[in-house]
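*Asks:* Here it is, the structure in full.
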Number of protein chains: 2
Amino acid sequence: MDIDAALFDVFGTMTDWRSGVSGELASVGERAGLHADWPSVTDDWRRKYVPTLGAVVSGEAPWRSLDELHRVMLDEVLDERGLDAIGDADRERLVSVWHRLRPWPDAPSGLEALHRSPVITAALSNGGVGLLARLTKQAGLRFDCILSAELARTYKPDRRVYLRAAELLGIEPERLVMVACHPDDLEGAAGAGFRTAYIPRPLEWGPEAAPVPAPPGADLVADDVVQLARALAG
Amino acid sequence: MDIDAALFDVFGTMTDWRSGVSGELASVGERAGLHADWPSVTDDWRRKYVPTLGAVVSGEAPWRSLDELHRVMLDEVLDERGLDAIGDADRERLVSVWHRLRPWPDAPSGLEALHRSPVITAALSNGGVGLLARLTKQAGLRFDCILSAELARTYKPDRRVYLRAAELLGIEPERLVMVACHPDDLEGAAGAGFRTAYIPRPLEWGPEAAPVPAPPGADLVADDVVQLARALAG
């Protein structure tokens, strides 16, 4: 695949949000004397993501930062689960967990290999620029550039996010590849003229989750970021 | 200085634009059979920078990317110097030299030291996002985040550039330090509420240039990026 830059999804593709968030939920909840199936509370929180961001994409809701939307979704989940005893400061702390996730084991070394190649690497996430700067620094994820849906004031998979990234990099969409474990992200990128690379993350929703089939339209499928780097950097 | 992130000027502060640009001008010009004092042509090109970008800041000229403005300024200089024999492809090549400058020797290791500290590092340059991604990757300048005046559609020292950077990082201006060898950049940042750090670059305009006195208002003065990293990261 002859490309100039590879753009990466971050939540799920490069980082393990589920274990990081459910660990913090458990710690905060138990300090408040609450008991719950914390991984399942985490999954409920994350399931609100697609419809909540979708309302911004459709124009039904105004643009707000992912931190603000995370807080709205968290308040809904804690209410639905009867976990109202978790206070305001702890809720803010939970929102900021998304700034401190751990990477999948292959992600740092795969990115380092790409950094040493001519291929430019960039994050292209629904997380904001500040969130991504903090997250990638502490997780040891070396990107050459941080890009965010925030710079288009909408969210993936809105094609305007990918077109804005191409415009900022000064690279034609067909010379860019979007890398993600989410078929809808790759479809949005393909709709903007990008090439696409799929990486399965079977543990994204925990060990019992049903496997996601590779999207049939992906230009490339790689087991992980290290294998992707070999395919892209030669 | 108790700060969360350090933002760096790039042309002059982190990279040696003069030797990179004049080397390419000499190579292009001599291939076209021309003779000139190439460092002095380079200086003429760079001297157009402040008034040309200033016209965008004042609203007198529309926003255009730095690549576009570099091309306009180059055409003017080549015309003034009687170097019209340099053709279009070579002019584009000269504009792209600004994407491939060499770093000052202390800059890569100073940035690596800051990367290992809790301080977030970001480029904050008048170069565009794509230019900066290419430049920092090939120069070995490891920033945690690439920010650009392009994201505010104006140019430094317009305070809107610094305020936009603070907004994107999600950090209050007083927790940010602007690092530059140009007093006007530090004044602009101070006007937006940033702390300021001055690094002298006595060779920026070549070995015969008059020294620039350190601006009296700077919060910190460091000899180079390594010393700055020691001061900021402790």
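By convention in this document, the chains of the structure tokens carry letters A, B, ... by their order, each chain's residues are numbered from 1, and ligands are numbered from 1 in the order they are shown.
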In region 8-226 of chain B, what's strand (DSSP E or B) per DSSP? Answer as a ChimeraX atom specification?
*Replies:* /B:8,11,15-16,102-103,120-125,145-148,176-180,195-198,220-221
*Asks:* Go ahead and dump the residues you just picked, N, CA and C atoms, as a JSON list (two decimals), in the first residue's frame.
*Replies:*
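For reference, part_23.json as written:
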[["chain", "number", "residue", "atom", "x", "y", "z"],
["B", 8, "PHE", "N", 6.64, 25.52, 21.87],
["B", 8, "PHE", "CA", 7.90, 25.93, 21.25],
["B", 8, "PHE", "C", 7.70, 26.55, 19.88],
["B", 11, "PHE", "N", 10.80, 27.75, 13.79],
["B", 11, "PHE", "CA", 11.77, 28.36, 12.85],
["B", 11, "PHE", "C", 12.67, 29.33, 13.61],
["B", 15, "THR", "N", 15.06, 25.07, 14.94],
["B", 15, "THR", "CA", 15.71, 24.69, 13.68],
["B", 15, "THR", "C", 16.48, 25.86, 13.09],
["B", 16, "ASP", "N", 17.50, 25.51, 12.30],
["B", 16, "ASP", "CA", 18.39, 26.47, 11.66],
["B", 16, "ASP", "C", 17.90, 26.68, 10.23],
["B", 102, "ARG", "N", 17.16, 21.50, 9.47],
["B", 102, "ARG", "CA", 17.90, 20.76, 10.49],
["B", 102, "ARG", "C", 17.68, 21.40, 11.85],
["B", 103, "PRO", "N", 17.68, 20.58, 12.92],
["B", 103, "PRO", "CA", 17.52, 21.13, 14.26],
["B", 103, "PRO", "C", 18.83, 21.71, 14.78],
["B", 120, "ILE", "N", 4.01, 18.48, 29.24],
["B", 120, "ILE", "CA", 3.63, 18.22, 27.85],
["B", 120, "ILE", "C", 4.36, 19.21, 26.95],
["B", 121, "THR", "N", 4.89, 18.71, 25.84],
["B", 121, "THR", "CA", 5.56, 19.61, 24.89],
["B", 121, "THR", "C", 4.74, 19.71, 23.62],
["B", 122, "ALA", "N", 4.68, 20.91, 23.07],
["B", 122, "ALA", "CA", 3.98, 21.10, 21.81],
["B", 122, "ALA", "C", 4.73, 22.10, 20.96],
["B", 123, "ALA", "N", 4.75, 21.86, 19.65],
["B", 123, "ALA", "CA", 5.18, 22.89, 18.72],
["B", 123, "ALA", "C", 4.06, 23.92, 18.65],
["B", 124, "LEU", "N", 4.41, 25.21, 18.59],
["B", 124, "LEU", "CA", 3.41, 26.23, 18.29],
["B", 124, "LEU", "C", 4.07, 27.21, 17.33],
["B", 125, "SER", "N", 3.88, 26.92, 16.06],
["B", 125, "SER", "CA", 4.62, 27.59, 14.99],
["B", 125, "SER", "C", 3.67, 28.23, 14.01],
["B", 145, "CYS", "N", 2.76, 16.94, 20.93],
["B", 145, "CYS", "CA", 1.60, 17.47, 20.21],
["B", 145, "CYS", "C", 2.07, 18.53, 19.22],
["B", 146, "ILE", "N", 1.45, 18.56, 18.05],
["B", 146, "ILE", "CA", 1.75, 19.59, 17.05],
["B", 146, "ILE", "C", 0.61, 20.60, 17.06],
["B", 147, "LEU", "N", 0.93, 21.85, 17.36],
["B", 147, "LEU", "CA", -0.08, 22.91, 17.27],
["B", 147, "LEU", "C", 0.45, 23.96, 16.29],
["B", 148, "SER", "N", -0.45, 24.68, 15.69],
["B", 148, "SER", "CA", -0.05, 25.61, 14.64],
["B", 148, "SER", "C", -0.97, 26.82, 14.64],
["B", 176, "LEU", "N", 0.96, 27.52, 31.10],
["B", 176, "LEU", "CA", 1.67, 27.26, 29.84],
["B", 176, "LEU", "C", 2.86, 28.19, 29.73],
["B", 177, "VAL", "N", 3.95, 27.67, 29.16],
["B", 177, "VAL", "CA", 5.10, 28.55, 28.89],
["B", 177, "VAL", "C", 5.40, 28.51, 27.39],
["B", 178, "MET", "N", 5.57, 29.68, 26.81],
["B", 178, "MET", "CA", 6.00, 29.80, 25.41],
["B", 178, "MET", "C", 7.51, 29.94, 25.38],
["B", 179, "VAL", "N", 8.16, 29.14, 24.55],
["B", 179, "VAL", "CA", 9.62, 29.12, 24.44],
["B", 179, "VAL", "C", 10.00, 29.62, 23.05],
["B", 180, "ALA", "N", 10.79, 30.67, 22.99],
["B", 180, "ALA", "CA", 11.17, 31.23, 21.67],
["B", 180, "ALA", "C", 12.44, 32.05, 21.77],
["B", 195, "ARG", "N", 3.25, 32.19, 30.53],
["B", 195, "ARG", "CA", 4.60, 32.43, 31.00],
["B", 195, "ARG", "C", 5.51, 32.40, 29.77],
["B", 196, "THR", "N", 6.74, 32.93, 29.92],
["B", 196, "THR", "CA", 7.63, 33.00, 28.75],
["B", 196, "THR", "C", 9.05, 32.54, 29.09],
["B", 197, "ALA", "N", 9.67, 31.87, 28.14],
["B", 197, "ALA", "CA", 11.07, 31.44, 28.29],
["B", 197, "ALA", "C", 11.83, 31.83, 27.02],
["B", 198, "TYR", "N", 12.94, 32.50, 27.22],
["B", 198, "TYR", "CA", 13.76, 32.97, 26.10],
["B", 198, "TYR", "C", 14.99, 32.09, 25.96],
["B", 220, "LEU", "N", 11.91, 33.35, 32.18],
["B", 220, "LEU", "CA", 13.04, 32.41, 32.28],
["B", 220, "LEU", "C", 13.93, 32.65, 31.07],
["B", 221, "VAL", "N", 15.24, 32.58, 31.29],
["B", 221, "VAL", "CA", 16.19, 32.63, 30.18],
["B", 221, "VAL", "C", 17.06, 31.39, 30.30]]
*Asks:* What are the residues of chain A that have an atom within 6 Å of an atom of chain B, counting only C-alpha atoms, as a ChimeraX atom specification?
*Replies:* /A:129-130,133,144-146,168-170
*Asks:* Any chance you could list, as a PDB file with N, CA, C and O atoms, in the first residue's frame, the residues in region 126-195 of chain A that come up helix (DSSP H, G or I) when DSSP is run on the backbone?
*Replies:*
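The result, stored in states-v3.pdb:
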ATOM      1  N   VAL A 129      -7.873  17.313  21.463  1.00  0.00           N
ATOM      2  CA  VAL A 129      -6.424  17.448  21.302  1.00  0.00           C
ATOM      3  C   VAL A 129      -5.705  17.302  22.645  1.00  0.00           C
ATOM      4  O   VAL A 129      -4.712  16.581  22.763  1.00  0.00           O
ATOM      5  N   GLY A 130      -6.200  17.978  23.673  1.00  0.00           N
ATOM      6  CA  GLY A 130      -5.563  17.922  24.992  1.00  0.00           C
ATOM      7  C   GLY A 130      -5.633  16.525  25.592  1.00  0.00           C
ATOM      8  O   GLY A 130      -4.646  16.008  26.127  1.00  0.00           O
ATOM      9  N   LEU A 131      -6.801  15.909  25.518  1.00  0.00           N
ATOM     10  CA  LEU A 131      -6.959  14.527  25.980  1.00  0.00           C
ATOM     11  C   LEU A 131      -5.932  13.625  25.290  1.00  0.00           C
ATOM     12  O   LEU A 131      -5.236  12.827  25.946  1.00  0.00           O
ATOM     13  N   LEU A 132      -5.806  13.746  23.983  1.00  0.00           N
ATOM     14  CA  LEU A 132      -4.910  12.869  23.218  1.00  0.00           C
ATOM     15  C   LEU A 132      -3.447  13.135  23.541  1.00  0.00           C
ATOM     16  O   LEU A 132      -2.642  12.200  23.607  1.00  0.00           O
ATOM     17  N   ALA A 133      -3.094  14.407  23.756  1.00  0.00           N
ATOM     18  CA  ALA A 133      -1.702  14.712  24.110  1.00  0.00           C
ATOM     19  C   ALA A 133      -1.339  14.042  25.433  1.00  0.00           C
ATOM     20  O   ALA A 133      -0.277  13.432  25.571  1.00  0.00           O
ATOM     21  N   ARG A 134      -2.234  14.129  26.408  1.00  0.00           N
ATOM     22  CA  ARG A 134      -1.974  13.500  27.713  1.00  0.00           C
ATOM     23  C   ARG A 134      -1.956  11.976  27.603  1.00  0.00           C
ATOM     24  O   ARG A 134      -1.071  11.297  28.123  1.00  0.00           O
ATOM     25  N   LEU A 135      -2.974  11.437  26.921  1.00  0.00           N
ATOM     26  CA  LEU A 135      -3.115   9.988  26.799  1.00  0.00           C
ATOM     27  C   LEU A 135      -1.920   9.362  26.098  1.00  0.00           C
ATOM     28  O   LEU A 135      -1.335   8.382  26.571  1.00  0.00           O
ATOM     29  N   THR A 136      -1.530   9.925  24.952  1.00  0.00           N
ATOM     30  CA  THR A 136      -0.462   9.298  24.175  1.00  0.00           C
ATOM     31  C   THR A 136       0.886   9.440  24.884  1.00  0.00           C
ATOM     32  O   THR A 136       1.714   8.544  24.810  1.00  0.00           O
ATOM     33  N   LYS A 137       1.080  10.550  25.581  1.00  0.00           N
ATOM     34  CA  LYS A 137       2.345  10.737  26.302  1.00  0.00           C
ATOM     35  C   LYS A 137       2.503   9.688  27.406  1.00  0.00           C
ATOM     36  O   LYS A 137       3.528   9.013  27.489  1.00  0.00           O
ATOM     37  N   GLN A 138       1.477   9.538  28.238  1.00  0.00           N
ATOM     38  CA  GLN A 138       1.611   8.612  29.368  1.00  0.00           C
ATOM     39  C   GLN A 138       1.555   7.158  28.932  1.00  0.00           C
ATOM     40  O   GLN A 138       2.114   6.293  29.572  1.00  0.00           O
ATOM     41  N   ALA A 139       0.893   6.888  27.793  1.00  0.00           N
ATOM     42  CA  ALA A 139       0.798   5.510  27.301  1.00  0.00           C
ATOM     43  C   ALA A 139       2.007   5.113  26.448  1.00  0.00           C
ATOM     44  O   ALA A 139       2.100   3.960  26.037  1.00  0.00           O
ATOM     45  N   ALA A 149     -11.135  14.860  15.948  1.00  0.00           N
ATOM     46  CA  ALA A 149     -12.433  15.278  15.421  1.00  0.00           C
ATOM     47  C   ALA A 149     -12.777  16.695  15.878  1.00  0.00           C
ATOM     48  O   ALA A 149     -13.508  17.421  15.201  1.00  0.00           O
ATOM     49  N   GLU A 150     -12.231  17.088  17.036  1.00  0.00           N
ATOM     50  CA  GLU A 150     -12.443  18.449  17.555  1.00  0.00           C
ATOM     51  C   GLU A 150     -12.072  19.512  16.523  1.00  0.00           C
ATOM     52  O   GLU A 150     -12.677  20.591  16.495  1.00  0.00           O
ATOM     53  N   LEU A 151     -11.090  19.231  15.686  1.00  0.00           N
ATOM     54  CA  LEU A 151     -10.621  20.225  14.716  1.00  0.00           C
ATOM     55  C   LEU A 151     -11.614  20.398  13.571  1.00  0.00           C
ATOM     56  O   LEU A 151     -11.489  21.332  12.769  1.00  0.00           O
ATOM     57  N   ALA A 152     -12.607  19.510  13.490  1.00  0.00           N
ATOM     58  CA  ALA A 152     -13.698  19.662  12.520  1.00  0.00           C
ATOM     59  C   ALA A 152     -15.016  19.968  13.228  1.00  0.00           C
ATOM     60  O   ALA A 152     -16.046  20.105  12.573  1.00  0.00           O
ATOM     61  N   ARG A 159     -17.704  12.179   7.598  1.00  0.00           N
ATOM     62  CA  ARG A 159     -16.579  12.280   6.657  1.00  0.00           C
ATOM     63  C   ARG A 159     -15.836  13.607   6.764  1.00  0.00           C
ATOM     64  O   ARG A 159     -14.661  13.692   6.391  1.00  0.00           O
ATOM     65  N   ARG A 160     -16.478  14.647   7.321  1.00  0.00           N
ATOM     66  CA  ARG A 160     -15.782  15.926   7.475  1.00  0.00           C
ATOM     67  C   ARG A 160     -14.557  15.812   8.391  1.00  0.00           C
ATOM     68  O   ARG A 160     -13.598  16.579   8.265  1.00  0.00           O
ATOM     69  N   VAL A 161     -14.588  14.851   9.323  1.00  0.00           N
ATOM     70  CA  VAL A 161     -13.427  14.654  10.212  1.00  0.00           C
ATOM     71  C   VAL A 161     -12.216  14.192   9.400  1.00  0.00           C
ATOM     72  O   VAL A 161     -11.097  14.703   9.559  1.00  0.00           O
ATOM     73  N   TYR A 162     -12.440  13.235   8.493  1.00  0.00           N
ATOM     74  CA  TYR A 162     -11.326  12.689   7.707  1.00  0.00           C
ATOM     75  C   TYR A 162     -10.832  13.724   6.689  1.00  0.00           C
ATOM     76  O   TYR A 162      -9.630  13.873   6.458  1.00  0.00           O
ATOM     77  N   LEU A 163     -11.782  14.460   6.105  1.00  0.00           N
ATOM     78  CA  LEU A 163     -11.392  15.472   5.109  1.00  0.00           C
ATOM     79  C   LEU A 163     -10.602  16.607   5.764  1.00  0.00           C
ATOM     80  O   LEU A 163      -9.647  17.133   5.186  1.00  0.00           O
ATOM     81  N   ARG A 164     -10.982  16.952   6.997  1.00  0.00           N
ATOM     82  CA  ARG A 164     -10.243  17.992   7.715  1.00  0.00           C
ATOM     83  C   ARG A 164      -8.825  17.517   8.026  1.00  0.00           C
ATOM     84  O   ARG A 164      -7.860  18.290   7.920  1.00  0.00           O
ATOM     85  N   ALA A 165      -8.688  16.252   8.409  1.00  0.00           N
ATOM     86  CA  ALA A 165      -7.355  15.696   8.693  1.00  0.00           C
ATOM     87  C   ALA A 165      -6.493  15.736   7.429  1.00  0.00           C
ATOM     88  O   ALA A 165      -5.311  16.119   7.473  1.00  0.00           O
ATOM     89  N   ALA A 166      -7.081  15.362   6.293  1.00  0.00           N
ATOM     90  CA  ALA A 166      -6.322  15.379   5.036  1.00  0.00           C
ATOM     91  C   ALA A 166      -5.887  16.803   4.690  1.00  0.00           C
ATOM     92  O   ALA A 166      -4.743  17.045   4.275  1.00  0.00           O
ATOM     93  N   GLU A 167      -6.799  17.750   4.891  1.00  0.00           N
ATOM     94  CA  GLU A 167      -6.500  19.152   4.601  1.00  0.00           C
ATOM     95  C   GLU A 167      -5.357  19.657   5.496  1.00  0.00           C
ATOM     96  O   GLU A 167      -4.415  20.304   5.026  1.00  0.00           O
ATOM     97  N   LEU A 168      -5.425  19.346   6.792  1.00  0.00           N
ATOM     98  CA  LEU A 168      -4.383  19.819   7.711  1.00  0.00           C
ATOM     99  C   LEU A 168      -3.030  19.185   7.393  1.00  0.00           C
ATOM    100  O   LEU A 168      -1.998  19.842   7.498  1.00  0.00           O
ATOM    101  N   LEU A 169      -3.021  17.907   7.022  1.00  0.00           N
ATOM    102  CA  LEU A 169      -1.743  17.266   6.687  1.00  0.00           C
ATOM    103  C   LEU A 169      -1.246  17.726   5.312  1.00  0.00           C
ATOM    104  O   LEU A 169      -0.060  17.573   5.008  1.00  0.00           O
ATOM    105  N   PRO A 173      -6.503  12.453   0.162  1.00  0.00           N
ATOM    106  CA  PRO A 173      -7.093  11.314   0.877  1.00  0.00           C
ATOM    107  C   PRO A 173      -6.598   9.945   0.395  1.00  0.00           C
ATOM    108  O   PRO A 173      -6.369   9.058   1.213  1.00  0.00           O
ATOM    109  N   GLU A 174      -6.376   9.775  -0.906  1.00  0.00           N
ATOM    110  CA  GLU A 174      -5.961   8.454  -1.399  1.00  0.00           C
ATOM    111  C   GLU A 174      -4.536   8.079  -0.997  1.00  0.00           C
ATOM    112  O   GLU A 174      -4.135   6.932  -1.164  1.00  0.00           O
ATOM    113  N   ARG A 175      -3.777   9.059  -0.429  1.00  0.00           N
ATOM    114  CA  ARG A 175      -2.425   8.773   0.083  1.00  0.00           C
ATOM    115  C   ARG A 175      -2.445   8.579   1.603  1.00  0.00           C
ATOM    116  O   ARG A 175      -1.398   8.589   2.248  1.00  0.00           O
ATOM    117  N   PRO A 183     -15.506  -1.110  12.221  1.00  0.00           N
ATOM    118  CA  PRO A 183     -15.904  -1.006  10.812  1.00  0.00           C
ATOM    119  C   PRO A 183     -16.521   0.343  10.446  1.00  0.00           C
ATOM    120  O   PRO A 183     -16.268   0.862   9.343  1.00  0.00           O
ATOM    121  N   ASP A 184     -17.304   0.976  11.343  1.00  0.00           N
ATOM    122  CA  ASP A 184     -17.947   2.243  10.951  1.00  0.00           C
ATOM    123  C   ASP A 184     -16.926   3.361  10.745  1.00  0.00           C
ATOM    124  O   ASP A 184     -17.112   4.234   9.888  1.00  0.00           O
ATOM    125  N   ASP A 185     -15.821   3.323  11.507  1.00  0.00           N
ATOM    126  CA  ASP A 185     -14.748   4.312  11.348  1.00  0.00           C
ATOM    127  C   ASP A 185     -14.102   4.137   9.969  1.00  0.00           C
ATOM    128  O   ASP A 185     -13.872   5.122   9.237  1.00  0.00           O
ATOM    129  N   LEU A 186     -13.858   2.884   9.596  1.00  0.00           N
ATOM    130  CA  LEU A 186     -13.238   2.616   8.290  1.00  0.00           C
ATOM    131  C   LEU A 186     -14.192   2.982   7.153  1.00  0.00           C
ATOM    132  O   LEU A 186     -13.767   3.514   6.118  1.00  0.00           O
ATOM    133  N   GLU A 187     -15.484   2.743   7.344  1.00  0.00           N
ATOM    134  CA  GLU A 187     -16.446   3.122   6.298  1.00  0.00           C
ATOM    135  C   GLU A 187     -16.492   4.639   6.124  1.00  0.00           C
ATOM    136  O   GLU A 187     -16.555   5.135   5.000  1.00  0.00           O
ATOM    137  N   GLY A 188     -16.474   5.369   7.243  1.00  0.00           N
ATOM    138  CA  GLY A 188     -16.461   6.834   7.157  1.00  0.00           C
ATOM    139  C   GLY A 188     -15.219   7.330   6.423  1.00  0.00           C
ATOM    140  O   GLY A 188     -15.291   8.222   5.573  1.00  0.00           O
ATOM    141  N   ALA A 189     -14.066   6.733   6.747  1.00  0.00           N
ATOM    142  CA  ALA A 189     -12.807   7.131   6.101  1.00  0.00           C
ATOM    143  C   ALA A 189     -12.842   6.807   4.611  1.00  0.00           C
ATOM    144  O   ALA A 189     -12.422   7.617   3.771  1.00  0.00           O
ATOM    145  N   ALA A 190     -13.369   5.620   4.272  1.00  0.00           N
ATOM    146  CA  ALA A 190     -13.450   5.232   2.856  1.00  0.00           C
ATOM    147  C   ALA A 190     -14.355   6.208   2.099  1.00  0.00           C
ATOM    148  O   ALA A 190     -14.072   6.567   0.952  1.00  0.00           O
ATOM    149  N   GLY A 191     -15.413   6.666   2.771  1.00  0.00           N
ATOM    150  CA  GLY A 191     -16.323   7.630   2.146  1.00  0.00           C
ATOM    151  C   GLY A 191     -15.645   8.962   1.851  1.00  0.00           C
ATOM    152  O   GLY A 191     -16.103   9.729   1.002  1.00  0.00           O
TER     153      GLY A 191
END
*Asks:* Any idea what's packed within 10 Å of Ser58 (chain B), counting only C-alpha atoms, ignoring anything in its chain fewer than 3 positions away? Could you give it as a PyMOL selection string?
*Replies:* chain B and resi 53-55+61-62+154-155+158
*Asks:* Quick one: residues within 7 Å of region 28-32 of chain B, only C-alpha atoms, excluding same-chain residues fewer than 4 positions away - as a PyMOL selection string?
*Replies:* chain B and resi 24+85-86+90
*Asks:* Can I get the selected residues back with N, CA, C and O atoms, as an mmCIF file, in the first residue's frame?
*Replies:*
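Saved the output as selection.cif:
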data_model
loop_
_atom_site.group_PDB
_atom_site.id
_atom_site.type_symbol
_atom_site.label_atom_id
_atom_site.label_comp_id
_atom_site.auth_asym_id
_atom_site.auth_seq_id
_atom_site.Cartn_x
_atom_site.Cartn_y
_atom_site.Cartn_z
ATOM 1 N N GLU B 24 19.908 25.198 -0.176
ATOM 2 C CA GLU B 24 19.030 24.791 -1.275
ATOM 3 C C GLU B 24 18.958 25.884 -2.353
ATOM 4 O O GLU B 24 18.945 25.573 -3.551
ATOM 5 N N ALA B 85 15.379 33.506 -13.603
ATOM 6 C CA ALA B 85 15.645 32.256 -14.324
ATOM 7 C C ALA B 85 15.310 31.014 -13.494
ATOM 8 O O ALA B 85 15.255 29.912 -14.030
ATOM 9 N N ILE B 86 15.094 31.177 -12.199
ATOM 10 C CA ILE B 86 14.679 30.026 -11.365
ATOM 11 C C ILE B 86 13.214 29.718 -11.672
ATOM 12 O O ILE B 86 12.345 30.570 -11.505
ATOM 13 N N ASP B 90 11.437 24.581 -9.365
ATOM 14 C CA ASP B 90 12.474 24.892 -8.374
ATOM 15 C C ASP B 90 11.934 25.802 -7.264
ATOM 16 O O ASP B 90 12.325 25.692 -6.103
#
*Asks:* Which residues are close to region 18-20 of chain A, i.e. within 7 Å by only C-alpha atoms, leaving aside same-chain residues fewer than 5 positions away? Reply as a PyMOL selection string.
*Replies:* chain A and resi 42+101-102+204-205
*Asks:* Take the residues just selected and output them with C-alpha atoms as an mmCIF file, in the first residue's frame.
*Replies:*
data_model
loop_
_atom_site.group_PDB
_atom_site.id
_atom_site.type_symbol
_atom_site.label_atom_id
_atom_site.label_comp_id
_atom_site.auth_asym_id
_atom_site.auth_seq_id
_atom_site.Cartn_x
_atom_site.Cartn_y
_atom_site.Cartn_z
ATOM 1 C CA THR A 42 -18.486 0.481 31.850
ATOM 2 C CA LEU A 101 -5.776 4.530 29.375
ATOM 3 C CA ARG A 102 -3.208 1.782 28.873
ATOM 4 C CA GLU A 204 -12.122 -4.550 23.346
ATOM 5 C CA TRP A 205 -15.462 -5.485 24.988
#
*Asks:* Tell me, as a ChimeraX atom specification, which residues lie within 8 Å of Val41 (chain A), counting only C-alpha atoms; anything in the same chain fewer than 4 positions away does not count.
*Replies:* /A:22,36-37,45,77,81
*Asks:* Can I get the selection written as a PDB file, in the first residue's frame, with N, CA and C atoms?
*Replies:*
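Output (out-v7.pdb):
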ATOM      1  N   SER A  22     -13.180   0.444  33.880  1.00  0.00           N
ATOM      2  CA  SER A  22     -13.892  -0.347  34.893  1.00  0.00           C
ATOM      3  C   SER A  22     -13.072  -0.439  36.179  1.00  0.00           C
ATOM      4  N   ALA A  36     -21.422  -3.211  42.373  1.00  0.00           N
ATOM      5  CA  ALA A  36     -22.027  -3.344  41.041  1.00  0.00           C
ATOM      6  C   ALA A  36     -21.111  -4.203  40.178  1.00  0.00           C
ATOM      7  N   ASP A  37     -21.633  -4.643  39.058  1.00  0.00           N
ATOM      8  CA  ASP A  37     -20.804  -5.328  38.060  1.00  0.00           C
ATOM      9  C   ASP A  37     -20.135  -4.218  37.239  1.00  0.00           C
ATOM     10  N   TRP A  45     -21.850   2.597  29.772  1.00  0.00           N
ATOM     11  CA  TRP A  45     -21.340   3.949  29.492  1.00  0.00           C
ATOM     12  C   TRP A  45     -20.906   4.031  28.026  1.00  0.00           C
ATOM     13  N   VAL A  77     -25.868   6.972  33.030  1.00  0.00           N
ATOM     14  CA  VAL A  77     -25.623   5.575  33.423  1.00  0.00           C
ATOM     15  C   VAL A  77     -25.720   5.410  34.942  1.00  0.00           C
ATOM     16  N   ARG A  81     -28.395   3.050  36.850  1.00  0.00           N
ATOM     17  CA  ARG A  81     -27.913   1.926  37.644  1.00  0.00           C
ATOM     18  C   ARG A  81     -28.093   2.143  39.151  1.00  0.00           C
TER      19      ARG A  81
END
*Asks:* Hey, what's within 10 Å of Gly234 (chain B) if we count only C-alpha atoms and toss same-chain stuff fewer than 3 positions away? As a list of chain:residue names, please?
*Replies:*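 Final neighbour list, sorted by chain and number: B:Met1, B:Leu114, B:Ser117, B:Leu228, B:Ala229, B:Arg230, B:Ala231.
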*Asks:* Can I get the selected residues back with N, CA, C and O atoms, as a JSON list (two decimals), in the first residue's frame?
*Replies:*
[["chain", "number", "residue", "atom", "x", "y", "z"],
["B", 1, "MET", "N", 9.45, 27.12, 37.86],
["B", 1, "MET", "CA", 8.24, 27.51, 37.12],
["B", 1, "MET", "C", 7.28, 26.33, 37.09],
["B", 1, "MET", "O", 7.62, 25.27, 36.55],
["B", 114, "LEU", "N", 12.32, 16.53, 28.20],
["B", 114, "LEU", "CA", 11.00, 17.04, 28.60],
["B", 114, "LEU", "C", 9.92, 15.97, 28.36],
["B", 114, "LEU", "O", 8.97, 15.86, 29.14],
["B", 117, "SER", "N", 9.49, 13.87, 31.24],
["B", 117, "SER", "CA", 8.98, 14.57, 32.43],
["B", 117, "SER", "C", 7.47, 14.69, 32.32],
["B", 117, "SER", "O", 6.89, 14.39, 31.28],
["B", 228, "LEU", "N", 16.92, 24.42, 29.40],
["B", 228, "LEU", "CA", 15.49, 24.71, 29.65],
["B", 228, "LEU", "C", 14.81, 23.49, 30.27],
["B", 228, "LEU", "O", 14.03, 23.61, 31.22],
["B", 229, "ALA", "N", 15.09, 22.31, 29.71],
["B", 229, "ALA", "CA", 14.46, 21.08, 30.22],
["B", 229, "ALA", "C", 14.83, 20.86, 31.68],
["B", 229, "ALA", "O", 13.99, 20.49, 32.50],
["B", 230, "ARG", "N", 16.09, 21.14, 32.02],
["B", 230, "ARG", "CA", 16.50, 20.99, 33.43],
["B", 230, "ARG", "C", 15.72, 21.95, 34.32],
["B", 230, "ARG", "O", 15.27, 21.60, 35.40],
["B", 231, "ALA", "N", 15.54, 23.18, 33.83],
["B", 231, "ALA", "CA", 14.82, 24.18, 34.63],
["B", 231, "ALA", "C", 13.34, 23.81, 34.79],
["B", 231, "ALA", "O", 12.75, 24.02, 35.85]]
*Asks:* Give the answer as one residue: which of A:Asp67, A:Asp9, A:Gly82, A:Gly59 has the shortest atom-to-atom distance to His35 (chain A), using only C-alpha atoms?
*Replies:*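 Of all the options, A:Gly82 lies closest to His35 (chain A).
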*Asks:* Counting only C-alpha atoms, which of B:Asn126, B:Arg47, B:Glu68, B:Leu25 gets nearest to Arg93 (chain B)?
*Replies:*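 Among the listed residues, B:Leu25 lies closest to Arg93 (chain B).
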